[in-house]
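Structure file upload_22.pdb; described as PDB, C-alpha atoms.
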ATOM      1  CA  MET P   1       0.000   0.000   0.000
ATOM      2  CA  SER P   2       1.510   3.288  -1.083
ATOM      3  CA  LYS P   3       1.858   6.296   1.184
ATOM      4  CA  THR P   4      -0.582   8.244  -1.007
ATOM      5  CA  ARG P   5      -3.191   5.521  -0.635
ATOM      6  CA  GLN P   6      -2.560   5.226   3.071
ATOM      7  CA  SER P   7      -3.339   8.905   3.670
ATOM      8  CA  SER P   8      -6.891   8.405   2.466
ATOM      9  CA  PHE P   9      -7.499   5.707   5.041
ATOM     10  CA  GLU P  10      -5.816   7.771   7.726
ATOM     11  CA  LEU P  11      -8.183  10.629   6.922
ATOM     12  CA  LEU P  12     -11.046   8.153   7.215
ATOM     13  CA  ARG P  13      -9.836   7.227  10.723
ATOM     14  CA  ILE P  14      -9.738  10.901  11.724
ATOM     15  CA  VAL P  15     -13.207  11.682  10.361
ATOM     16  CA  ALA P  16     -14.656   8.511  11.879
ATOM     17  CA  MET P  17     -13.288   9.398  15.307
ATOM     18  CA  LEU P  18     -14.668  12.931  15.053
ATOM     19  CA  PHE P  19     -18.005  11.321  14.177
ATOM     20  CA  ILE P  20     -17.800   9.114  17.276
ATOM     21  CA  VAL P  21     -17.282  12.164  19.482
ATOM     22  CA  ALA P  22     -20.166  13.877  17.675
ATOM     23  CA  THR P  23     -22.596  11.010  18.239
ATOM     24  CA  HIS P  24     -21.600  10.933  21.906
ATOM     25  CA  ALA P  25     -22.242  14.672  22.083
ATOM     26  CA  ASN P  26     -25.649  14.076  20.523
ATOM     27  CA  THR P  27     -27.711  11.142  21.803
ATOM     28  CA  LEU P  28     -25.355   9.894  24.519
ATOM     29  CA  SER P  29     -25.305  13.322  26.143
ATOM     30  CA  LEU P  30     -28.749  14.684  25.244
ATOM     31  CA  GLY P  31     -30.761  11.454  25.289
ATOM     32  CA  TRP P  32     -32.697   9.598  22.615
ATOM     33  CA  ILE P  33     -35.319  11.582  20.750
ATOM     34  CA  THR P  34     -38.887  10.719  21.730
ATOM     35  CA  GLY P  35     -42.292  11.417  20.266
ATOM     36  CA  ASP P  36     -42.670  14.297  22.716
ATOM     37  CA  ASP P  37     -39.414  15.816  21.429
ATOM     38  CA  VAL P  38     -40.676  15.582  17.855
ATOM     39  CA  ALA P  39     -43.974  17.213  18.775
ATOM     40  CA  ALA P  40     -42.241  20.022  20.663
ATOM     41  CA  GLY P  41     -39.553  20.731  18.073
ATOM     42  CA  PRO P  42     -39.754  18.738  14.827
ATOM     43  CA  GLY P  43     -37.001  20.716  13.079
ATOM     44  CA  GLY P  44     -34.458  20.309  15.837
ATOM     45  CA  SER P  45     -35.387  16.675  16.371
ATOM     46  CA  PHE P  46     -34.939  15.858  12.687
ATOM     47  CA  ALA P  47     -31.597  17.685  12.601
ATOM     48  CA  ARG P  48     -30.384  15.567  15.517
ATOM     49  CA  MET P  49     -31.584  12.388  13.788
ATOM     50  CA  ILE P  50     -29.738  13.310  10.604
ATOM     51  CA  LEU P  51     -26.573  13.938  12.620
ATOM     52  CA  GLU P  52     -26.951  10.576  14.345
ATOM     53  CA  SER P  53     -27.467   8.757  11.032
ATOM     54  CA  LEU P  54     -24.426  10.428   9.492
ATOM     55  CA  THR P  55     -22.121   9.724  12.427
ATOM     56  CA  MET P  56     -23.300   6.277  13.545
ATOM     57  CA  VAL P  57     -21.418   4.642  10.652
ATOM     58  CA  SER P  58     -18.056   5.188  12.348
ATOM     59  CA  VAL P  59     -17.567   1.972  14.334
ATOM     60  CA  THR P  60     -18.611  -0.243  11.427
ATOM     61  CA  ALA P  61     -16.258   1.696   9.152
ATOM     62  CA  PHE P  62     -13.390   1.201  11.610
ATOM     63  CA  ILE P  63     -13.897  -2.576  11.576
ATOM     64  CA  ILE P  64     -14.184  -2.648   7.780
ATOM     65  CA  ILE P  65     -10.773  -0.915   7.693
ATOM     66  CA  SER P  66      -9.394  -3.674   9.943
ATOM     67  CA  GLY P  67     -10.736  -6.289   7.556
ATOM     68  CA  TRP P  68      -9.496  -4.423   4.480
ATOM     69  CA  PHE P  69      -5.898  -4.428   5.733
ATOM     70  CA  GLY P  70      -6.242  -7.548   7.857
ATOM     71  CA  ILE P  71      -5.249  -7.823  11.496
ATOM     72  CA  LYS P  72      -1.870  -9.535  11.846
ATOM     73  CA  PRO P  73      -1.582 -10.149  15.582
ATOM     74  CA  THR P  74       1.865 -10.000  17.177
ATOM     75  CA  TRP P  75       3.001  -9.506  20.757
ATOM     76  CA  LYS P  76       4.387  -6.102  19.808
ATOM     77  CA  LYS P  77       1.062  -4.926  18.391
ATOM     78  CA  PHE P  78      -0.764  -6.308  21.402
ATOM     79  CA  GLY P  79       1.684  -4.595  23.738
ATOM     80  CA  SER P  80       1.339  -1.272  21.918
ATOM     81  CA  PHE P  81      -2.451  -1.452  22.058
ATOM     82  CA  ILE P  82      -2.631  -2.366  25.752
ATOM     83  CA  PHE P  83       0.027   0.177  26.684
ATOM     84  CA  GLN P  84      -1.961   2.956  25.033
ATOM     85  CA  CYS P  85      -5.116   1.829  26.829
ATOM     86  CA  TRP P  86      -3.425   1.637  30.233
ATOM     87  CA  PHE P  87      -1.616   4.940  29.703
ATOM     88  CA  PHE P  88      -4.999   6.660  29.666
ATOM     89  CA  THR P  89      -7.004   4.488  32.059
ATOM     90  CA  ILE P  90      -4.379   4.306  34.794
ATOM     91  CA  GLY P  91      -3.324   7.914  34.236
ATOM     92  CA  LEU P  92      -6.913   9.133  34.559
ATOM     93  CA  PHE P  93      -7.457   6.843  37.559
ATOM     94  CA  ILE P  94      -4.547   8.535  39.328
ATOM     95  CA  ALA P  95      -5.854  11.969  38.355
ATOM     96  CA  GLY P  96      -9.279  11.006  39.721
ATOM     97  CA  LEU P  97      -7.753  10.353  43.136
ATOM     98  CA  PHE P  98      -6.773  14.004  43.420
ATOM     99  CA  VAL P  99      -9.387  15.880  41.383
ATOM    100  CA  LYS P 100     -12.845  15.802  42.944
ATOM    101  CA  GLU P 101     -14.635  16.567  39.667
ATOM    102  CA  MET P 102     -13.069  13.473  38.110
ATOM    103  CA  SER P 103     -14.055  11.047  40.851
ATOM    104  CA  ASP P 104     -16.098   8.136  39.478
ATOM    105  CA  GLY P 105     -17.463   7.115  42.878
ATOM    106  CA  LEU P 106     -15.549   3.842  43.047
ATOM    107  CA  SER P 107     -13.212   2.886  45.841
ATOM    108  CA  PRO P 108      -9.505   3.138  44.921
ATOM    109  CA  ALA P 109      -9.269  -0.653  44.682
ATOM    110  CA  ARG P 110     -12.321  -0.942  42.422
ATOM    111  CA  GLY P 111     -11.197   2.053  40.405
ATOM    112  CA  LEU P 112      -7.792   0.518  39.755
ATOM    113  CA  GLN P 113      -9.430  -2.771  38.821
ATOM    114  CA  ALA P 114     -11.680  -0.960  36.339
ATOM    115  CA  ALA P 115      -8.657   0.825  34.873
ATOM    116  CA  ILE P 116      -6.652  -2.379  34.416
ATOM    117  CA  LEU P 117      -9.573  -4.395  33.041
ATOM    118  CA  LEU P 118     -10.649  -1.487  30.786
ATOM    119  CA  SER P 119     -14.174  -1.679  32.156
ATOM    120  CA  ASP P 120     -15.312   1.644  30.675
ATOM    121  CA  TYR P 121     -14.765   0.601  27.081
ATOM    122  CA  TRP P 122     -17.008  -1.907  25.306
ATOM    123  CA  PHE P 123     -15.137  -1.328  22.028
ATOM    124  CA  ILE P 124     -11.774  -2.433  23.469
ATOM    125  CA  ILE P 125     -13.189  -5.718  24.751
ATOM    126  CA  ALA P 126     -14.851  -6.417  21.414
ATOM    127  CA  TYR P 127     -11.736  -5.449  19.447
ATOM    128  CA  LEU P 128      -9.470  -7.634  21.593
ATOM    129  CA  PHE P 129     -11.774 -10.555  20.810
ATOM    130  CA  LEU P 130     -11.464  -9.761  17.115
ATOM    131  CA  PHE P 131      -7.682  -9.457  17.518
ATOM    132  CA  LEU P 132      -7.524 -12.930  19.086
ATOM    133  CA  ILE P 133      -9.673 -14.694  16.489
ATOM    134  CA  SER P 134      -8.336 -12.797  13.464
ATOM    135  CA  PRO P 135      -5.900 -15.627  12.516
ATOM    136  CA  VAL P 136      -8.887 -17.966  12.214
ATOM    137  CA  LEU P 137     -10.845 -15.466  10.126
ATOM    138  CA  ASN P 138      -7.803 -14.707   7.959
ATOM    139  CA  THR P 139      -7.209 -18.417   7.331
ATOM    140  CA  PHE P 140     -10.844 -18.887   6.343
ATOM    141  CA  VAL P 141     -10.665 -15.992   3.860
ATOM    142  CA  ASP P 142      -7.370 -17.230   2.387
ATOM    143  CA  ASN P 143      -8.722 -20.743   1.840
ATOM    144  CA  SER P 144     -12.289 -20.024   0.771
ATOM    145  CA  THR P 145     -13.733 -19.231  -2.615
ATOM    146  CA  GLY P 146     -15.417 -15.926  -3.333
ATOM    147  CA  LYS P 147     -18.786 -17.668  -3.290
ATOM    148  CA  GLN P 148     -18.105 -19.201   0.115
ATOM    149  CA  LEU P 149     -16.910 -15.903   1.587
ATOM    150  CA  VAL P 150     -19.821 -13.838   0.301
ATOM    151  CA  SER P 151     -22.235 -16.526   1.513
ATOM    152  CA  VAL P 152     -20.835 -16.341   5.040
ATOM    153  CA  VAL P 153     -20.901 -12.518   5.012
ATOM    154  CA  VAL P 154     -24.498 -12.380   3.751
ATOM    155  CA  LEU P 155     -25.672 -15.038   6.198
ATOM    156  CA  PHE P 156     -23.978 -13.230   9.069
ATOM    157  CA  PHE P 157     -25.815  -9.988   8.363
ATOM    158  CA  VAL P 158     -29.115 -11.805   7.786
ATOM    159  CA  PHE P 159     -28.646 -13.523  11.144
ATOM    160  CA  GLU P 160     -27.728 -10.222  12.772
ATOM    161  CA  PHE P 161     -30.727  -8.518  11.206
ATOM    162  CA  LEU P 162     -33.162 -11.146  12.479
ATOM    163  CA  PHE P 163     -31.763 -11.642  15.966
ATOM    164  CA  GLY P 164     -29.816  -8.444  16.584
ATOM    165  CA  TRP P 165     -32.203  -5.874  15.123
ATOM    166  CA  VAL P 166     -35.669  -7.383  14.702
ATOM    167  CA  ASN P 167     -35.539  -9.542  17.838
ATOM    168  CA  ASP P 168     -33.096  -7.496  19.990
ATOM    169  CA  SER P 169     -31.232 -10.604  21.121
ATOM    170  CA  ALA P 170     -28.863 -10.231  24.079
ATOM    171  CA  ALA P 171     -26.181 -11.869  21.916
ATOM    172  CA  PHE P 172     -25.915  -8.618  19.954
ATOM    173  CA  ILE P 173     -27.129  -5.798  22.268
ATOM    174  CA  TYR P 174     -27.448  -3.315  19.395
ATOM    175  CA  GLY P 175     -24.030  -4.326  18.067
ATOM    176  CA  TYR P 176     -22.064  -3.575  21.250
ATOM    177  CA  THR P 177     -20.705  -7.124  21.551
ATOM    178  CA  PRO P 178     -17.646  -8.969  20.182
ATOM    179  CA  ILE P 179     -19.708 -11.115  17.793
ATOM    180  CA  SER P 180     -20.871  -7.989  15.962
ATOM    181  CA  PHE P 181     -17.339  -7.294  14.718
ATOM    182  CA  ILE P 182     -16.978 -10.557  12.806
ATOM    183  CA  GLY P 183     -19.307  -9.566   9.956
ATOM    184  CA  PRO P 184     -17.777  -6.136   9.179
ATOM    185  CA  TYR P 185     -14.272  -7.613   9.409
ATOM    186  CA  LEU P 186     -15.061 -10.353   6.868
ATOM    187  CA  LEU P 187     -16.871  -7.775   4.745
ATOM    188  CA  GLY P 188     -13.723  -5.638   4.625
ATOM    189  CA  LYS P 189     -11.745  -8.703   3.554
ATOM    190  CA  TYR P 190     -14.272  -9.465   0.829
ATOM    191  CA  LEU P 191     -14.361  -5.900  -0.513
ATOM    192  CA  ARG P 192     -10.600  -5.793  -0.984
ATOM    193  CA  LYS P 193     -10.050  -9.322  -2.263
ATOM    194  CA  TYR P 194     -12.904  -9.531  -4.755
ATOM    195  CA  ALA P 195     -13.912  -5.890  -5.444
ATOM    196  CA  PRO P 196     -17.569  -6.592  -6.356
ATOM    197  CA  ALA P 197     -19.298  -4.338  -8.854
ATOM    198  CA  PHE P 198     -20.781  -1.950  -6.302
ATOM    199  CA  THR P 199     -17.279  -1.093  -5.046
ATOM    200  CA  ARG P 200     -16.279   0.267  -8.450
ATOM    201  CA  LEU P 201     -18.697   3.187  -8.549
ATOM    202  CA  ASN P 202     -17.435   6.755  -8.763
ATOM    203  CA  LYS P 203     -16.378   8.037  -5.329
ATOM    204  CA  PHE P 204     -18.927  10.849  -5.489
ATOM    205  CA  THR P 205     -21.631   8.273  -6.174
ATOM    206  CA  ASP P 206     -20.470   6.492  -3.020
ATOM    207  CA  LEU P 207     -20.765   9.753  -1.118
ATOM    208  CA  CYS P 208     -24.246  10.431  -2.482
ATOM    209  CA  ILE P 209     -25.414   6.934  -1.535
ATOM    210  CA  TYR P 210     -24.039   7.367   1.986
ATOM    211  CA  LEU P 211     -25.782  10.735   2.382
ATOM    212  CA  THR P 212     -29.045   9.489   0.858
ATOM    213  CA  LEU P 213     -29.216   6.396   3.070
ATOM    214  CA  SER P 214     -28.424   8.484   6.140
ATOM    215  CA  LEU P 215     -31.205  10.923   5.291
ATOM    216  CA  LEU P 216     -33.616   8.041   4.615
ATOM    217  CA  ASN P 217     -32.776   6.409   7.928
ATOM    218  CA  ALA P 218     -33.363   9.701   9.754
ATOM    219  CA  ALA P 219     -36.700  10.179   7.980
ATOM    220  CA  ILE P 220     -37.856   6.674   8.959
ATOM    221  CA  ALA P 221     -36.790   7.303  12.557
ATOM    222  CA  MET P 222     -38.669  10.608  12.527
ATOM    223  CA  VAL P 223     -41.895   8.915  11.428
ATOM    224  CA  ALA P 224     -41.371   6.104  13.937
ATOM    225  CA  ALA P 225     -40.837   8.574  16.783
ATOM    226  CA  GLY P 226     -44.129  10.245  15.926
ATOM    227  CA  LYS P 227     -45.807   6.857  16.322
ATOM    228  CA  GLY P 228     -44.226   6.246  19.709
ATOM    229  CA  ILE P 229     -41.549   3.799  18.530
ATOM    230  CA  MET P 230     -38.189   4.026  20.315
ATOM    231  CA  THR P 231     -35.723   5.763  18.003
ATOM    232  CA  ILE P 232     -32.706   3.870  19.363
ATOM    233  CA  ARG P 233     -33.634   1.007  17.017
ATOM    234  CA  PHE P 234     -32.675   3.150  14.029
ATOM    235  CA  PHE P 235     -29.297   4.252  15.328
ATOM    236  CA  THR P 236     -27.424   1.100  16.303
ATOM    237  CA  HIS P 237     -24.563  -0.918  14.862
ATOM    238  CA  THR P 238     -27.104  -3.550  13.768
ATOM    239  CA  THR P 239     -29.409  -1.129  11.915
ATOM    240  CA  PRO P 240     -29.435  -2.281   8.239
ATOM    241  CA  LEU P 241     -29.355   1.205   6.691
ATOM    242  CA  ILE P 242     -26.508   2.239   9.028
ATOM    243  CA  ILE P 243     -24.448  -0.802   7.978
ATOM    244  CA  VAL P 244     -24.984  -0.226   4.244
ATOM    245  CA  SER P 245     -24.271   3.499   4.502
ATOM    246  CA  ALA P 246     -21.076   2.677   6.452
ATOM    247  CA  VAL P 247     -19.903   0.597   3.486
ATOM    248  CA  PHE P 248     -20.296   3.494   1.048
ATOM    249  CA  PHE P 249     -18.819   5.924   3.581
ATOM    250  CA  PHE P 250     -15.760   3.650   3.651
ATOM    251  CA  LEU P 251     -15.663   3.231  -0.137
ATOM    252  CA  PHE P 252     -15.678   6.998  -0.678
ATOM    253  CA  PHE P 253     -12.505   7.456   1.365
ATOM    254  CA  SER P 254     -10.866   4.367  -0.130
ATOM    255  CA  LYS P 255     -10.911   6.079  -3.537
ATOM    256  CA  LEU P 256      -9.307   9.336  -2.459
ATOM    257  CA  SER P 257      -5.699   9.841  -3.505
ATOM    258  CA  PHE P 258      -3.455  12.308  -1.717
ATOM    259  CA  THR P 259      -0.402  12.549   0.512
ATOM    260  CA  SER P 260      -0.379  14.378   3.834
ATOM    261  CA  LYS P 261       2.202  14.004   6.558
ATOM    262  CA  ALA P 262      -0.076  15.938   8.915
ATOM    263  CA  VAL P 263      -2.984  13.563   8.336
ATOM    264  CA  ASN P 264      -0.761  10.508   8.814
ATOM    265  CA  TYR P 265       0.720  11.976  11.992
ATOM    266  CA  ILE P 266      -2.612  12.907  13.587
ATOM    267  CA  ALA P 267      -4.157   9.567  12.648
ATOM    268  CA  GLN P 268      -1.580   7.755  14.794
ATOM    269  CA  SER P 269      -3.348   9.154  17.861
ATOM    270  CA  VAL P 270      -7.036   8.963  16.934
ATOM    271  CA  PHE P 271      -7.704   6.050  19.283
ATOM    272  CA  ALA P 272      -6.537   8.268  22.141
ATOM    273  CA  VAL P 273      -9.603  10.445  21.519
ATOM    274  CA  TYR P 274     -11.868   7.501  22.351
ATOM    275  CA  LEU P 275      -9.781   6.521  25.371
ATOM    276  CA  LEU P 276      -9.930  10.044  26.768
ATOM    277  CA  HIS P 277     -13.521  11.140  26.377
ATOM    278  CA  CYS P 278     -15.145   7.754  27.076
ATOM    279  CA  ASN P 279     -13.225   7.177  30.290
ATOM    280  CA  GLY P 280     -15.387   6.908  33.420
ATOM    281  CA  HIS P 281     -13.630   9.911  34.943
ATOM    282  CA  ILE P 282     -14.153  12.125  31.889
ATOM    283  CA  LEU P 283     -17.413  11.000  30.280
ATOM    284  CA  PRO P 284     -19.732  12.540  32.929
ATOM    285  CA  LEU P 285     -17.948  15.891  32.477
ATOM    286  CA  PHE P 286     -18.157  15.499  28.697
ATOM    287  CA  LYS P 287     -21.890  14.795  28.793
ATOM    288  CA  LYS P 288     -22.551  17.615  31.260
ATOM    289  CA  THR P 289     -20.730  20.100  29.018
ATOM    290  CA  CYS P 290     -22.617  18.974  25.911
ATOM    291  CA  LEU P 291     -25.972  19.233  27.669
ATOM    292  CA  SER P 292     -25.096  22.661  29.051
ATOM    293  CA  LEU P 293     -24.181  23.922  25.579
ATOM    294  CA  TYR P 294     -27.398  22.497  24.134
ATOM    295  CA  LEU P 295     -29.700  24.007  26.753
ATOM    296  CA  GLY P 296     -27.889  27.316  27.045
ATOM    297  CA  ASN P 297     -27.683  28.405  23.408
ATOM    298  CA  GLU P 298     -29.808  29.041  20.350
ATOM    299  CA  ALA P 299     -29.369  26.652  17.425
ATOM    300  CA  ALA P 300     -26.711  28.612  15.517
ATOM    301  CA  ALA P 301     -24.621  29.391  18.592
ATOM    302  CA  TYR P 302     -24.925  25.816  19.804
ATOM    303  CA  ALA P 303     -23.744  24.472  16.444
ATOM    304  CA  TRP P 304     -20.445  26.338  16.362
ATOM    305  CA  LYS P 305     -19.825  25.946  20.109
ATOM    306  CA  ILE P 306     -20.346  22.168  20.078
ATOM    307  CA  CYS P 307     -18.128  21.843  16.988
ATOM    308  CA  THR P 308     -15.429  23.843  18.765
ATOM    309  CA  PHE P 309     -15.801  21.660  21.854
ATOM    310  CA  ILE P 310     -15.550  18.448  19.804
ATOM    311  CA  LEU P 311     -12.376  19.692  18.112
ATOM    312  CA  ALA P 312     -10.956  20.721  21.497
ATOM    313  CA  VAL P 313     -11.568  17.215  22.875
ATOM    314  CA  PHE P 314     -10.045  15.657  19.775
ATOM    315  CA  PHE P 315      -6.836  17.665  19.747
ATOM    316  CA  SER P 316      -6.431  17.533  23.533
ATOM    317  CA  ALA P 317      -6.314  13.740  23.282
ATOM    318  CA  VAL P 318      -3.902  13.871  20.335
ATOM    319  CA  ILE P 319      -1.552  16.166  22.279
ATOM    320  CA  ILE P 320      -1.664  13.999  25.421
ATOM    321  CA  ASP P 321      -0.982  10.925  23.306
ATOM    322  CA  GLN P 322       2.368  12.350  22.220
ATOM    323  CA  VAL P 323       3.600  11.630  25.762
ATOM    324  CA  ARG P 324       2.423   8.042  25.414
ATOM    325  CA  LYS P 325       4.210   7.704  22.077
ATOM    326  CA  PHE P 326       7.451   9.040  23.554
ATOM    327  CA  ILE P 327       7.339   6.572  26.445
ATOM    328  CA  TRP P 328       6.393   3.665  24.182
ATOM    329  CA  GLU P 329       9.423   4.314  21.977
ATOM    330  CA  LYS P 330      11.544   3.686  25.057
ATOM    331  CA  VAL P 331       9.865   0.436  26.113
ATOM    332  CA  GLU P 332       8.708  -1.198  22.885
ATOM    333  CA  LYS P 333      12.013  -3.021  22.461
ATOM    334  CA  TYR P 334      10.888  -5.364  25.233
ATOM    335  CA  PHE P 335       8.128  -6.635  22.994
TER
END
Can the structure from this file be put into structure tokens for me?
Amino acid sequence: MSKTRQSSFELLRIVAMLFIVATHANTLSLGWITGDDVAAGPGGSFARMILESLTMVSVTAFIIISGWFGIKPTWKKFGSFIFQCWFFTIGLFIAGLFVKEMSDGLSPARGLQAAILLSDYWFIIAYLFLFLISPVLNTFVDNSTGKQLVSVVVLFFVFEFLFGWVNDSAAFIYGYTPISFIGPYLLGKYLRKYAPAFTRLNKFTDLCIYLTLSLLNAAIAMVAAGKGIMTIRFFTHTTPLIIVSAVFFFLFFSKLSFTSKAVNYIAQSVFAVYLLHCNGHILPLFKKTCLSLYLGNEAAAYAWKICTFILAVFFSAVIIDQVRKFIWEKVEKYF
């Protein structure tokens, strides 16, 4: 993979992480939109639904990237990943012992346990599972025919649709479980290895499809909310339209061609953004700030203030992560 090509995927990682912060600033902080919200303010409710549809593709896109390049597990990669996680969790645990506003209410012993076991992060647990089983998945892809691979991918998403979306099975929990990563990972493998016809559309067609599906999903959710249906069903990692739009979101970036040292450099620290703002010591402060901005400003003022806040969170994490990178350079030889 050339450096020019790599920059497009690195930009995708950056945008996807900004989207994750945005969706957390939206429904995670402000709550799911209800029928009462729609009745009280249909314009604002629909705008929030559109934002959620546009940004909810991020996690699926991240896993498709993993499948596209393939996870090649080594002790060094595992060590780097865990070190980055512990740098933030243990560092924030220590900070929480001294800063009252960052206290998570746990005893020091329980707090340290949560930091070591990464209890605040569902994504890390799911990704570690994918990391562990990736050799099995890679071997299957390498030794299967295109027909066999596409059959498994299609059957996975049909199964997920029936039991993870229609039936709300506990095995999926809206896609926040390790099993949910298997399908997108194999899908990424399939897209790169076989390049089916729909992957060869013009990149702007990909973008239009992504935007259209996101708008359609928001419109369906809007109608459902008016009928008293819980809107969370339309904004999960098992929602069919979210999954399909994530594919075209990914394909758009995969067809960009440019070189940027700045993009490549920043992308090295995007995971730090997740580790920082989703930590149990930080997330309550994050949510409180987002809610305060939402309730305390008119629409236009809120829009630019929340965007500024999201960028501040993003770059704060990137800056802090430079310390982690410096330390890791000193200890990685042991792995």
Which residue of P:Ala317, P:Ile50, P:Ile243, P:Val323 approaches P:Ser180 most closely, using only C-alpha atoms | P:Ile243
Nearest to P:Ser316 among P:Leu276, P:Ala197, P:Leu293, P:Ile209, with distances taken over all atoms listed in the file: which residue is it?
-> P:Leu276
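With only C-alpha atoms as the atoms that count, the minimum distance from P:Ala39 to the choices P:Met102, P:Met222, P:Leu149, P:Leu187 is reached by P:Met222.
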Given the file shown, enumerate the residues that the PyMOL selection byres ((chain P and resi 282) around 10) captures and present them as an MDAnalysis selection string.
-> chainID P and resid 92 96 101:104 275:281 283:287
For the residues in the current selection, export C-alpha atoms as a PDB file, in the coordinates of the input.
ATOM      1  CA  LEU P  92      -6.913   9.133  34.559  1.00  0.00           C
ATOM      2  CA  GLY P  96      -9.279  11.006  39.721  1.00  0.00           C
ATOM      3  CA  GLU P 101     -14.635  16.567  39.667  1.00  0.00           C
ATOM      4  CA  MET P 102     -13.069  13.473  38.110  1.00  0.00           C
ATOM      5  CA  SER P 103     -14.055  11.047  40.851  1.00  0.00           C
ATOM      6  CA  ASP P 104     -16.098   8.136  39.478  1.00  0.00           C
ATOM      7  CA  LEU P 275      -9.781   6.521  25.371  1.00  0.00           C
ATOM      8  CA  LEU P 276      -9.930  10.044  26.768  1.00  0.00           C
ATOM      9  CA  HIS P 277     -13.521  11.140  26.377  1.00  0.00           C
ATOM     10  CA  CYS P 278     -15.145   7.754  27.076  1.00  0.00           C
ATOM     11  CA  ASN P 279     -13.225   7.177  30.290  1.00  0.00           C
ATOM     12  CA  GLY P 280     -15.387   6.908  33.420  1.00  0.00           C
ATOM     13  CA  HIS P 281     -13.630   9.911  34.943  1.00  0.00           C
ATOM     14  CA  LEU P 283     -17.413  11.000  30.280  1.00  0.00           C
ATOM     15  CA  PRO P 284     -19.732  12.540  32.929  1.00  0.00           C
ATOM     16  CA  LEU P 285     -17.948  15.891  32.477  1.00  0.00           C
ATOM     17  CA  PHE P 286     -18.157  15.499  28.697  1.00  0.00           C
ATOM     18  CA  LYS P 287     -21.890  14.795  28.793  1.00  0.00           C
TER      19      LYS P 287
END
Apply the PyMOL selection byres ((chain P and resi 18-33) around 10) to the displayed file and report the matching residues as a PyMOL selection string.
-> chain P and resi 12-17+34-38+45-46+48-49+51-59+221-222+225+230-232+235+270+273-274+277-278+283-284+286-292+294-295+306-307+309-311+313-314
